[in-house]
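Undergrad: Here you go, protein08.txt (compact mmCIF, C-alpha atoms):
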```txt
# COMPACT_ATOMS: atom_id res chain seq x y z
CA MET F 18 178.82 -55.59 -20.73
CA ILE F 19 178.34 -51.88 -19.97
CA GLY F 20 177.14 -49.95 -23.03
CA TYR F 21 175.64 -46.66 -24.17
CA ALA F 22 172.11 -47.59 -23.05
CA THR F 23 173.02 -49.39 -19.80
CA PHE F 24 171.99 -46.70 -17.29
CA ASP F 25 168.74 -44.81 -17.66
CA THR F 26 170.01 -41.43 -16.44
CA TRP F 27 170.61 -38.21 -18.39
CA TRP F 28 174.31 -38.11 -17.56
CA TRP F 29 175.38 -41.65 -18.45
CA PRO F 30 175.61 -41.08 -22.24
CA TYR F 31 177.90 -38.13 -21.51
CA VAL F 32 180.20 -40.34 -19.41
CA PHE F 33 180.14 -42.90 -22.24
CA ILE F 34 181.10 -40.23 -24.81
CA ALA F 35 183.80 -38.83 -22.49
CA ILE F 36 185.47 -42.23 -22.07
CA ALA F 37 184.99 -43.82 -25.51
CA GLY F 38 185.31 -40.49 -27.35
CA TRP F 39 187.28 -37.83 -25.55
CA LEU F 40 189.76 -40.02 -23.63
CA ALA F 41 190.24 -42.37 -26.60
CA THR F 42 191.31 -39.46 -28.84
CA ASP F 43 193.04 -37.01 -26.50
CA MET F 44 195.36 -39.62 -24.99
CA TRP F 45 197.06 -39.94 -28.40
CA ARG F 46 197.35 -36.17 -28.71
CA TRP F 47 199.09 -36.04 -25.29
CA ILE F 48 201.51 -38.81 -26.25
CA GLY F 49 202.10 -36.95 -29.52
CA VAL F 50 203.10 -33.81 -27.61
CA LEU F 51 205.56 -35.77 -25.46
CA VAL F 52 207.09 -37.47 -28.53
CA GLY F 53 207.10 -34.26 -30.59
CA ASN F 54 208.86 -32.39 -27.81
CA ARG F 55 211.86 -34.71 -28.24
CA LEU F 56 212.05 -34.56 -32.04
CA GLN F 57 214.60 -32.23 -33.63
CA GLN F 58 213.55 -30.24 -36.66
CA ASP F 59 215.05 -31.52 -39.93
CA SER F 60 216.02 -34.84 -38.29
CA ALA F 61 215.53 -38.19 -40.02
CA ALA F 62 213.23 -39.26 -37.16
CA LEU F 63 210.90 -36.33 -37.84
CA THR F 64 210.87 -37.10 -41.58
CA TRP F 65 209.82 -40.67 -40.74
CA VAL F 66 207.10 -39.56 -38.28
CA ARG F 67 205.79 -37.13 -40.89
CA ALA F 68 205.77 -39.86 -43.56
CA VAL F 69 203.80 -42.17 -41.23
CA ALA F 70 201.33 -39.36 -40.42
CA THR F 71 200.87 -38.65 -44.14
CA ALA F 72 200.38 -42.33 -45.04
CA LEU F 73 197.80 -42.64 -42.22
CA LEU F 74 195.88 -39.66 -43.58
CA ALA F 75 196.02 -41.08 -47.10
CA ALA F 76 194.59 -44.36 -45.81
CA VAL F 77 191.76 -42.44 -44.11
CA ILE F 78 191.05 -40.64 -47.40
CA ALA F 79 190.93 -43.87 -49.41
CA LYS F 80 188.60 -45.45 -46.84
CA LEU F 81 186.25 -42.45 -46.78
CA ILE F 82 185.84 -42.86 -50.55
CA ILE F 83 185.75 -46.64 -50.87
CA TYR F 84 183.89 -47.49 -47.63
CA PRO F 85 181.82 -44.33 -46.98
CA THR F 86 179.28 -43.57 -44.25
CA GLY F 87 175.89 -41.85 -44.60
CA GLU F 88 174.29 -40.89 -47.91
CA LEU F 89 177.50 -41.26 -49.91
CA ALA F 90 177.21 -45.05 -49.57
CA ASN F 91 174.27 -44.91 -52.02
CA VAL F 92 176.46 -43.49 -54.82
CA PRO F 93 178.04 -46.19 -57.05
CA LEU F 94 181.70 -46.97 -56.20
CA ALA F 95 182.88 -46.42 -59.81
CA LEU F 96 181.36 -42.93 -59.82
CA ARG F 97 183.02 -42.05 -56.50
CA ILE F 98 186.44 -43.22 -57.71
CA GLY F 99 186.03 -41.64 -61.16
CA ALA F 100 185.04 -38.29 -59.65
CA VAL F 101 187.92 -38.14 -57.18
CA THR F 102 190.48 -39.27 -59.81
CA ALA F 103 189.31 -36.63 -62.30
CA GLY F 104 189.25 -34.04 -59.53
CA PHE F 105 192.83 -34.85 -58.54
CA ALA F 106 193.97 -34.68 -62.18
CA ALA F 107 192.28 -31.28 -62.60
CA PHE F 108 193.93 -30.11 -59.37
CA LEU F 109 197.40 -31.06 -60.69
CA MET F 110 196.78 -29.51 -64.12
CA ALA F 111 195.58 -26.28 -62.55
CA GLY F 112 198.89 -25.83 -60.73
CA LYS F 113 197.81 -27.49 -57.46
CA ARG F 114 194.77 -25.32 -56.89
CA THR F 115 192.69 -27.12 -54.27
CA TRP F 116 189.37 -25.50 -55.20
CA VAL F 117 189.69 -26.63 -58.85
CA GLY F 118 189.99 -30.25 -57.71
CA ILE F 119 187.05 -29.95 -55.33
CA VAL F 120 184.73 -28.26 -57.84
CA THR F 121 185.58 -30.83 -60.54
CA ALA F 122 185.07 -33.83 -58.25
CA LEU F 123 181.79 -32.56 -56.79
CA ALA F 124 180.41 -31.58 -60.21
CA LEU F 125 181.15 -35.07 -61.53
CA LEU F 126 179.67 -36.76 -58.46
CA ILE F 127 176.41 -34.78 -58.62
CA GLY F 128 176.23 -34.69 -62.46
CA GLY F 129 176.93 -38.42 -62.63
CA GLN F 130 174.04 -39.17 -60.28
CA PHE F 131 171.65 -37.15 -62.46
CA LEU F 132 172.84 -39.02 -65.56
CA LEU F 133 172.43 -42.38 -63.84
CA GLY F 134 169.00 -41.30 -62.65
CA MET S 21 209.96 -5.94 -23.88
CA SER S 22 207.76 -8.74 -22.60
CA THR S 23 204.59 -6.62 -22.92
CA LEU S 24 205.53 -5.86 -26.51
CA SER S 25 205.99 -9.57 -27.21
CA ALA S 26 202.62 -10.28 -25.55
CA LYS S 27 201.01 -7.67 -27.80
CA ARG S 28 202.51 -9.34 -30.86
CA ASP S 29 201.16 -12.66 -29.56
CA VAL S 30 197.64 -11.21 -29.46
CA HIS S 31 198.13 -9.93 -33.00
CA TRP S 32 199.15 -13.40 -34.23
CA PHE S 33 196.36 -15.06 -32.25
CA PHE S 34 193.84 -12.99 -34.19
CA LYS S 35 195.66 -13.70 -37.44
CA GLY S 36 195.19 -17.41 -36.71
CA ALA S 37 191.57 -16.79 -35.72
CA ARG S 38 190.97 -15.16 -39.09
CA GLY S 39 191.73 -18.57 -40.61
CA ILE S 40 188.04 -19.31 -39.95
CA THR S 41 187.37 -17.80 -43.39
CA SER S 42 190.03 -19.95 -45.12
CA LEU S 43 189.14 -22.73 -47.53
CA PRO S 44 190.12 -25.53 -45.08
CA ALA S 45 187.90 -24.09 -42.33
CA ILE S 46 184.93 -23.60 -44.66
CA ILE S 47 185.20 -27.14 -45.98
CA LEU S 48 185.47 -28.49 -42.46
CA MET S 49 182.27 -26.65 -41.54
CA SER S 50 180.48 -28.23 -44.52
CA ALA S 51 181.74 -31.61 -43.35
CA PHE S 52 180.30 -30.85 -39.90
CA VAL S 53 176.92 -30.19 -41.51
CA GLY S 54 177.25 -33.69 -42.96
CA PHE S 55 178.23 -35.14 -39.57
CA CYS S 56 175.35 -33.38 -37.81
CA GLY S 57 172.94 -34.94 -40.30
CA PHE S 58 174.46 -38.35 -39.61
CA ALA S 59 174.11 -37.88 -35.82
CA VAL S 60 170.46 -36.78 -36.14
CA GLU S 61 169.74 -39.76 -38.39
CA ALA S 62 171.37 -42.04 -35.78
CA GLY S 63 169.12 -40.59 -33.06
CA ILE S 64 171.86 -38.98 -30.94
CA PRO S 65 170.18 -36.26 -28.81
CA PHE S 66 171.04 -32.57 -29.24
CA GLY S 67 173.14 -32.11 -26.09
CA GLN S 68 175.26 -35.20 -26.75
CA THR S 69 175.91 -34.24 -30.38
CA VAL S 70 177.16 -30.81 -29.32
CA PHE S 71 179.19 -32.34 -26.47
CA MET S 72 180.84 -34.82 -28.86
CA THR S 73 181.75 -32.07 -31.30
CA GLY S 74 183.73 -30.18 -28.66
CA MET S 75 185.18 -33.10 -26.71
CA ILE S 76 186.37 -35.38 -29.53
CA TRP S 77 186.84 -32.80 -32.25
CA ALA S 78 188.43 -35.23 -34.75
CA LEU S 79 185.71 -35.95 -37.31
CA PRO S 80 186.47 -39.61 -38.20
CA ALA S 81 186.56 -40.52 -34.48
CA LYS S 82 183.09 -39.02 -34.01
CA VAL S 83 181.69 -40.89 -36.99
CA LEU S 84 183.08 -44.13 -35.53
CA LEU S 85 181.69 -43.39 -32.05
CA VAL S 86 178.22 -42.74 -33.46
CA GLY S 87 178.59 -45.93 -35.51
CA SER S 88 179.49 -47.87 -32.33
CA ILE S 89 176.49 -46.42 -30.49
CA ILE S 90 174.11 -47.43 -33.32
CA ALA S 91 175.59 -50.92 -33.32
CA GLY S 92 175.06 -51.18 -29.55
CA ALA S 93 178.75 -51.72 -28.85
CA SER S 94 179.92 -52.08 -25.25
CA LEU S 95 181.98 -49.33 -23.63
CA PRO S 96 185.32 -51.21 -23.96
CA ALA S 97 184.58 -52.09 -27.61
CA ALA S 98 183.62 -48.50 -28.49
CA PHE S 99 186.69 -47.19 -26.66
CA LEU S 100 188.94 -49.58 -28.56
CA THR S 101 187.41 -48.72 -31.96
CA VAL S 102 187.79 -44.99 -31.42
CA ALA S 103 191.24 -45.32 -29.82
CA LEU S 104 192.58 -47.45 -32.70
CA SER S 105 191.32 -45.00 -35.31
CA SER S 106 192.80 -42.10 -33.36
CA ILE S 107 196.36 -43.42 -33.11
CA ARG S 108 196.94 -41.41 -36.27
CA LEU S 109 196.63 -38.25 -34.16
CA MET S 110 199.86 -39.17 -32.38
CA PRO S 111 202.28 -38.88 -35.34
CA MET S 112 200.33 -35.85 -36.59
CA VAL S 113 200.76 -34.05 -33.27
CA ALA S 114 204.37 -35.25 -33.01
CA ALA S 115 205.11 -33.81 -36.48
CA LEU S 116 203.36 -30.52 -35.75
CA ILE S 117 204.81 -29.76 -32.30
CA PRO S 118 208.45 -29.24 -33.48
CA GLU S 119 207.10 -26.70 -36.01
CA ILE S 120 205.30 -24.49 -33.49
CA ARG S 121 207.14 -24.67 -30.18
CA THR S 122 210.14 -22.70 -28.97
CA GLU S 123 212.54 -23.80 -26.24
CA LYS S 124 210.52 -21.76 -23.74
CA THR S 125 207.05 -23.11 -24.61
CA PRO S 126 205.72 -24.89 -21.49
CA THR S 127 204.67 -28.51 -22.05
CA TRP S 128 201.34 -28.01 -20.22
CA LEU S 129 200.37 -25.38 -22.79
CA LEU S 130 201.14 -27.76 -25.67
CA LEU S 131 199.17 -30.55 -23.94
CA LEU S 132 196.20 -28.19 -23.61
CA LEU S 133 196.40 -26.91 -27.19
CA SER S 134 196.92 -30.38 -28.64
CA HIS S 135 193.18 -30.96 -28.19
CA PHE S 136 192.56 -28.65 -31.15
CA ILE S 137 194.76 -30.69 -33.50
CA ALA S 138 192.83 -32.71 -36.07
CA ILE S 139 193.37 -33.14 -39.80
CA THR S 140 192.17 -29.66 -40.80
CA ALA S 141 194.20 -27.82 -38.15
CA TYR S 142 197.23 -29.93 -39.15
CA VAL S 143 196.90 -29.10 -42.84
CA PHE S 144 196.14 -25.42 -42.23
CA THR S 145 199.07 -24.99 -39.84
CA MET S 146 201.61 -26.93 -41.95
CA GLU S 147 200.66 -24.82 -44.98
CA ARG S 148 201.11 -21.45 -43.27
CA ILE S 149 203.41 -21.83 -40.28
CA ARG S 150 206.62 -21.02 -42.19
CA ASP S 151 205.36 -17.44 -42.65
CA VAL S 152 204.81 -16.96 -38.90
CA PRO S 153 207.76 -15.84 -36.71
CA ARG S 154 208.68 -18.77 -34.47
CA GLU S 155 208.02 -17.03 -31.16
CA HIS S 156 204.41 -16.36 -32.21
CA ARG S 157 203.56 -19.71 -33.77
CA VAL S 158 201.88 -21.12 -30.65
CA ALA S 159 199.65 -18.02 -30.49
CA PHE S 160 198.83 -18.34 -34.19
CA PHE S 161 197.92 -22.01 -33.83
CA ALA S 162 195.87 -21.35 -30.68
CA GLY S 163 193.94 -18.60 -32.47
CA PHE S 164 193.04 -20.89 -35.34
CA GLY S 165 192.35 -24.02 -33.31
CA ILE S 166 190.18 -22.43 -30.63
CA THR S 167 188.19 -20.34 -33.12
CA VAL S 168 187.48 -23.18 -35.53
CA THR S 169 186.50 -25.60 -32.76
CA SER S 170 184.16 -23.07 -31.12
CA ALA S 171 182.64 -22.13 -34.48
CA ASN S 172 181.84 -25.76 -35.29
CA ILE S 173 180.32 -26.40 -31.84
CA LEU S 174 178.04 -23.41 -32.48
CA LEU S 175 177.32 -24.54 -36.03
CA VAL S 176 176.25 -28.02 -34.91
CA ALA S 177 174.05 -26.50 -32.18
CA VAL S 178 172.37 -24.11 -34.62
CA ILE S 179 171.68 -26.54 -37.48
CA TYR S 180 170.75 -29.60 -35.37
CA SER S 181 166.99 -29.08 -35.66
CA THR S 182 166.91 -28.28 -39.40
CA VAL S 183 169.64 -30.50 -40.86
CA SER S 184 167.36 -33.49 -41.50
CA ASN S 185 165.65 -31.50 -44.28
CA LEU S 186 168.85 -31.67 -46.34
CA PRO S 187 168.33 -33.37 -49.75
CA ALA S 188 170.01 -36.81 -49.90
CA MET S 189 172.20 -35.89 -52.89
CA LEU S 190 173.55 -32.81 -51.11
CA ALA S 191 174.21 -34.81 -47.94
CA GLY S 192 176.19 -37.34 -50.02
CA ALA S 193 178.17 -34.54 -51.64
CA LEU S 194 179.05 -33.17 -48.17
CA PHE S 195 180.49 -36.54 -47.18
CA PHE S 196 182.48 -36.57 -50.43
CA LEU S 197 183.88 -33.08 -49.91
CA THR S 198 186.09 -34.09 -46.99
CA PRO S 199 188.21 -36.81 -48.68
CA VAL S 200 188.61 -34.79 -51.90
CA TYR S 201 189.67 -31.75 -49.91
CA PHE S 202 192.13 -33.75 -47.77
CA LEU S 203 193.62 -35.42 -50.83
CA THR S 204 194.34 -32.18 -52.70
CA SER S 205 195.33 -30.00 -49.75
CA ILE S 206 197.66 -32.54 -48.15
CA TRP S 207 199.31 -33.13 -51.53
CA ALA S 208 199.72 -29.36 -52.00
CA SER S 209 201.05 -28.74 -48.49
CA THR S 210 203.52 -31.67 -48.45
CA ARG S 211 206.95 -30.23 -49.02
CA ASP S 212 209.20 -33.29 -49.08
CA ARG S 213 209.35 -36.15 -51.57
CA ALA S 214 209.00 -38.72 -48.78
CA GLY S 215 205.59 -37.21 -48.00
CA HIS S 216 204.32 -37.60 -51.57
CA ILE S 217 205.52 -41.20 -51.75
CA ALA S 218 203.86 -41.83 -48.37
CA MET S 219 200.59 -40.51 -49.73
CA VAL S 220 200.59 -42.86 -52.70
CA PHE S 221 201.44 -45.84 -50.45
CA GLY S 222 198.77 -44.87 -47.91
CA LEU S 223 196.06 -44.56 -50.58
CA ALA S 224 196.88 -48.03 -51.93
CA LEU S 225 197.51 -49.77 -48.60
CA GLY S 226 194.48 -48.40 -46.70
CA PRO S 227 191.86 -50.36 -48.69
CA MET S 228 194.25 -53.32 -49.02
CA PHE S 229 194.74 -53.71 -45.27
CA HIS S 230 191.01 -53.19 -44.84
CA GLN S 231 190.53 -56.54 -46.58
CA VAL S 232 192.85 -58.44 -44.24
CA ALA S 233 192.71 -56.50 -40.94
CA PRO S 234 189.73 -54.10 -40.89
CA GLU S 235 190.26 -53.16 -37.23
CA PHE S 236 193.84 -52.02 -37.72
CA ASP S 237 193.82 -51.03 -41.43
CA ILE S 238 194.62 -47.32 -40.94
CA LEU S 239 197.37 -48.06 -38.45
CA TYR S 240 199.05 -50.72 -40.61
CA ALA S 241 198.76 -48.62 -43.77
CA GLY S 242 200.34 -45.69 -41.93
CA VAL S 243 203.25 -47.50 -40.36
CA VAL S 244 204.04 -49.75 -43.34
CA GLY S 245 203.36 -47.07 -46.00
CA GLY S 246 205.21 -44.35 -44.12
CA THR S 247 208.24 -46.54 -43.40
CA LEU S 248 208.44 -47.76 -47.03
CA ALA S 249 208.19 -44.15 -48.23
CA PHE S 250 210.91 -43.08 -45.81
CA PHE S 251 213.32 -45.72 -47.14
CA ALA S 252 212.34 -45.19 -50.79
CA ASP S 253 213.18 -41.52 -50.32
CA ARG S 254 216.58 -42.42 -48.75
CA VAL S 255 217.46 -44.75 -51.65
CA TRP S 256 216.37 -42.11 -54.17
CA LYS S 257 218.50 -39.47 -52.44
CA GLY S 258 221.52 -41.79 -52.28
CA ARG S 259 221.29 -42.58 -55.99
CA SER S 260 220.94 -39.00 -57.15
CA SER S 261 223.88 -37.81 -55.06
CA SER S 262 226.33 -40.55 -56.12
```
Can you turn what I pasted into structure tokens?
TA:
Amino acid sequence: MIGYATFDTWWWPYVFIAIAGWLATDMWRWIGVLVGNRLQQDSAALTWVRAVATALLAAVIAKLIIYPTGELANVPLALRIGAVTAGFAAFLMAGKRTWVGIVTALALLIGGQFLLG
Amino acid sequence: MSTLSAKRDVHWFFKGARGITSLPAIILMSAFVGFCGFAVEAGIPFGQTVFMTGMIWALPAKVLLVGSIIAGASLPAAFLTVALSSIRLMPMVAALIPEIRTEKTPTWLLLLLSHFIAITAYVFTMERIRDVPREHRVAFFAGFGITVTSANILLVAVIYSTVSNLPAMLAGALFFLTPVYFLTSIWASTRDRAGHIAMVFGLALGPMFHQVAPEFDILYAGVVGGTLAFFADRVWKGRSSS
């Protein structure tokens, strides 16, 4: 099967990225434009589409924390979940200030790693 | 009349462009530092990393593409992985378009600008678009989207050679920044109750579906969670009004 390393030319990886990366993402954006063009503001259909979009994003968030990539995978799961939960609680208590949540969560994540050695 | 309107468009374009100094844009740039480190670690050459940044733009899709390349996936398999994870862009774009377009906005322009829509641009625009006069919203979005995308392409190009010196703990923190930022900012920018319910469902269902259908987990969590939230909101509304 054709893969990333199939052809030994400088341009092949770019073709690979264009098909498996650019086309695979932008085709959904184009369909989104065509669908969005037909949706009326304040309609029930738009509320549903927005709810689906939000739930999708929330699922991405949960996966980034529970099944992370890169260096974050070396941090214990309980510490990751504890830090994000405390950060979200701090965010709510501070009147929905995003930066309060971020600072709290990051401080706990880094501080927790020092404590655990 | 039309030249005046064009002048106002330029004004709003630059207002959007100034969003490069906003919290969402700064956090996204930190996340791109994290992604660049991941790409270097995976052995993706300089030119391809920069190319990917501009052409795909959505961060999770790039992480998955690099993951597929490391795993030696075939072209159809890599395409399918990235395409499945990117279905989420469709409802995001579909929800955003009615907020920014006017009756006169040409579809080709929206198709072109849709490339700049990813989670950060979605959150940024949804948070601020109500304060922008409707006829200038497309200009405002274009200003933000084009500026932030270009800035991150430049950023990746500049830091590529030095990013591997990043301490491991800092690199981990950069990967953590993105989900925490998304969680708080999406919660803060969601205006309707259905959206908040959808968030709770999505957070719970994402990892749950990952156990049973890892290839389609995000998609299932989105459709099932979003639909449940939509109906829960309807029932809630019906009860409180009767």
Undergrad: Tell me, in Å to one decimal, how far CA of Phe136 (chain S) is from CA of Gly165 (chain S).
TA: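 About the pair CA of Phe136 (chain S) and CA of Gly165 (chain S): they are 5.1 Å apart.
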Undergrad: Starting from chain F, keep only residues with some atom at most 6 Å from an atom of chain S, counting all atoms listed in the file, and report them as a ChimeraX atom specification.
TA: /F:18-20,37-39,41-42,45-47,49-50,52-53,65-73,75-76,78-79,88-89,115
Undergrad: What is the distance between CA of Ser42 (chain S) and CA of Cys56 (chain S), in Å to one decimal?
TA: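 Calculated distance between CA of Ser42 (chain S) and CA of Cys56 (chain S) is 21.2 Å.
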Undergrad: List as a PDB file with C-alpha atoms, in the frame of the given file the protein and nucleic acid residues near Tyr180 (chain S), meaning an atom at most 9 Å away when all atoms listed in the file are counted, but skip any in the same chain fewer than 2 places from it.
TA:
```pdb
ATOM      1  CA  VAL S  53     176.920 -30.190 -41.510  1.00  0.00           C
ATOM      2  CA  CYS S  56     175.350 -33.380 -37.810  1.00  0.00           C
ATOM      3  CA  GLY S  57     172.940 -34.940 -40.300  1.00  0.00           C
ATOM      4  CA  ALA S  59     174.110 -37.880 -35.820  1.00  0.00           C
ATOM      5  CA  VAL S  60     170.460 -36.780 -36.140  1.00  0.00           C
ATOM      6  CA  PHE S  66     171.040 -32.570 -29.240  1.00  0.00           C
ATOM      7  CA  THR S  69     175.910 -34.240 -30.380  1.00  0.00           C
ATOM      8  CA  VAL S  70     177.160 -30.810 -29.320  1.00  0.00           C
ATOM      9  CA  LEU S 175     177.320 -24.540 -36.030  1.00  0.00           C
ATOM     10  CA  VAL S 176     176.250 -28.020 -34.910  1.00  0.00           C
ATOM     11  CA  ALA S 177     174.050 -26.500 -32.180  1.00  0.00           C
ATOM     12  CA  VAL S 178     172.370 -24.110 -34.620  1.00  0.00           C
ATOM     13  CA  THR S 182     166.910 -28.280 -39.400  1.00  0.00           C
ATOM     14  CA  VAL S 183     169.640 -30.500 -40.860  1.00  0.00           C
ATOM     15  CA  SER S 184     167.360 -33.490 -41.500  1.00  0.00           C
TER      16      SER S 184
END
```
Undergrad: What separation in Å, quoted to one decimal, exists between CA of Arg97 (chain F) and CA of Ile83 (chain F)?
TA: 7.8 Å
Undergrad: Got a sec: who's within 6 Å of region 150-159 of chain S, counting all atoms listed in the file, leaving out chain neighbours fewer than 5 positions off, as a PyMOL selection string?
TA: chain S and resi 29+32-33+120
Undergrad: Would you output that residue set with C-alpha atoms, as a compact mmCIF listing (two decimals), keeping the file's coordinate frame?
TA:
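What landed in result.txt:
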```
# COMPACT_ATOMS: atom_id res chain seq x y z
CA ASP S 29 201.16 -12.66 -29.56
CA TRP S 32 199.15 -13.40 -34.23
CA PHE S 33 196.36 -15.06 -32.25
CA ILE S 120 205.30 -24.49 -33.49
```
Undergrad: Rank nothing, just name the residue among F:Ile48, F:Leu40, F:Leu81, F:Val92 nearest to Gly134 (chain F), using all atoms listed in the file.
TA: F:Val92
Undergrad: Please complete region 29-45 of chain F so it has N, CA and C atoms, and hand it over as a short mmCIF file (atom, residue, chain, number, x, y, z; two decimals), in the coordinates of the input.
TA:
```
data_model
loop_
_atom_site.label_atom_id
_atom_site.label_comp_id
_atom_site.auth_asym_id
_atom_site.auth_seq_id
_atom_site.Cartn_x
_atom_site.Cartn_y
_atom_site.Cartn_z
N TRP F 29 174.58 -40.49 -18.04
CA TRP F 29 175.38 -41.65 -18.45
C TRP F 29 175.91 -41.56 -19.88
N PRO F 30 175.07 -41.18 -20.88
CA PRO F 30 175.61 -41.08 -22.24
C PRO F 30 176.80 -40.11 -22.33
N TYR F 31 176.78 -39.07 -21.49
CA TYR F 31 177.90 -38.13 -21.51
C TYR F 31 179.17 -38.78 -20.98
N VAL F 32 179.04 -39.61 -19.95
CA VAL F 32 180.20 -40.34 -19.41
C VAL F 32 180.72 -41.30 -20.49
N PHE F 33 179.78 -41.97 -21.17
CA PHE F 33 180.14 -42.90 -22.24
C PHE F 33 180.94 -42.17 -23.32
N ILE F 34 180.43 -41.01 -23.75
CA ILE F 34 181.10 -40.23 -24.81
C ILE F 34 182.47 -39.74 -24.31
N ALA F 35 182.53 -39.34 -23.03
CA ALA F 35 183.80 -38.83 -22.49
C ALA F 35 184.87 -39.92 -22.47
N ILE F 36 184.47 -41.15 -22.13
CA ILE F 36 185.47 -42.23 -22.07
C ILE F 36 185.80 -42.76 -23.47
N ALA F 37 184.76 -43.19 -24.21
CA ALA F 37 184.99 -43.82 -25.51
C ALA F 37 185.32 -42.80 -26.60
N GLY F 38 185.04 -41.50 -26.35
CA GLY F 38 185.31 -40.49 -27.35
C GLY F 38 186.46 -39.58 -26.99
N TRP F 39 186.27 -38.83 -25.91
CA TRP F 39 187.28 -37.83 -25.55
C TRP F 39 188.60 -38.48 -25.11
N LEU F 40 188.54 -39.39 -24.14
CA LEU F 40 189.76 -40.02 -23.63
C LEU F 40 190.47 -40.81 -24.73
N ALA F 41 189.67 -41.52 -25.56
CA ALA F 41 190.24 -42.37 -26.60
C ALA F 41 190.95 -41.57 -27.68
N THR F 42 190.61 -40.27 -27.84
CA THR F 42 191.31 -39.46 -28.84
C THR F 42 192.41 -38.61 -28.20
N ASP F 43 192.07 -37.94 -27.08
CA ASP F 43 193.04 -37.01 -26.50
C ASP F 43 194.28 -37.70 -25.94
N MET F 44 194.16 -38.96 -25.52
CA MET F 44 195.36 -39.62 -24.99
C MET F 44 196.44 -39.70 -26.07
N TRP F 45 196.06 -39.88 -27.33
CA TRP F 45 197.06 -39.94 -28.40
C TRP F 45 197.66 -38.57 -28.66
#
```
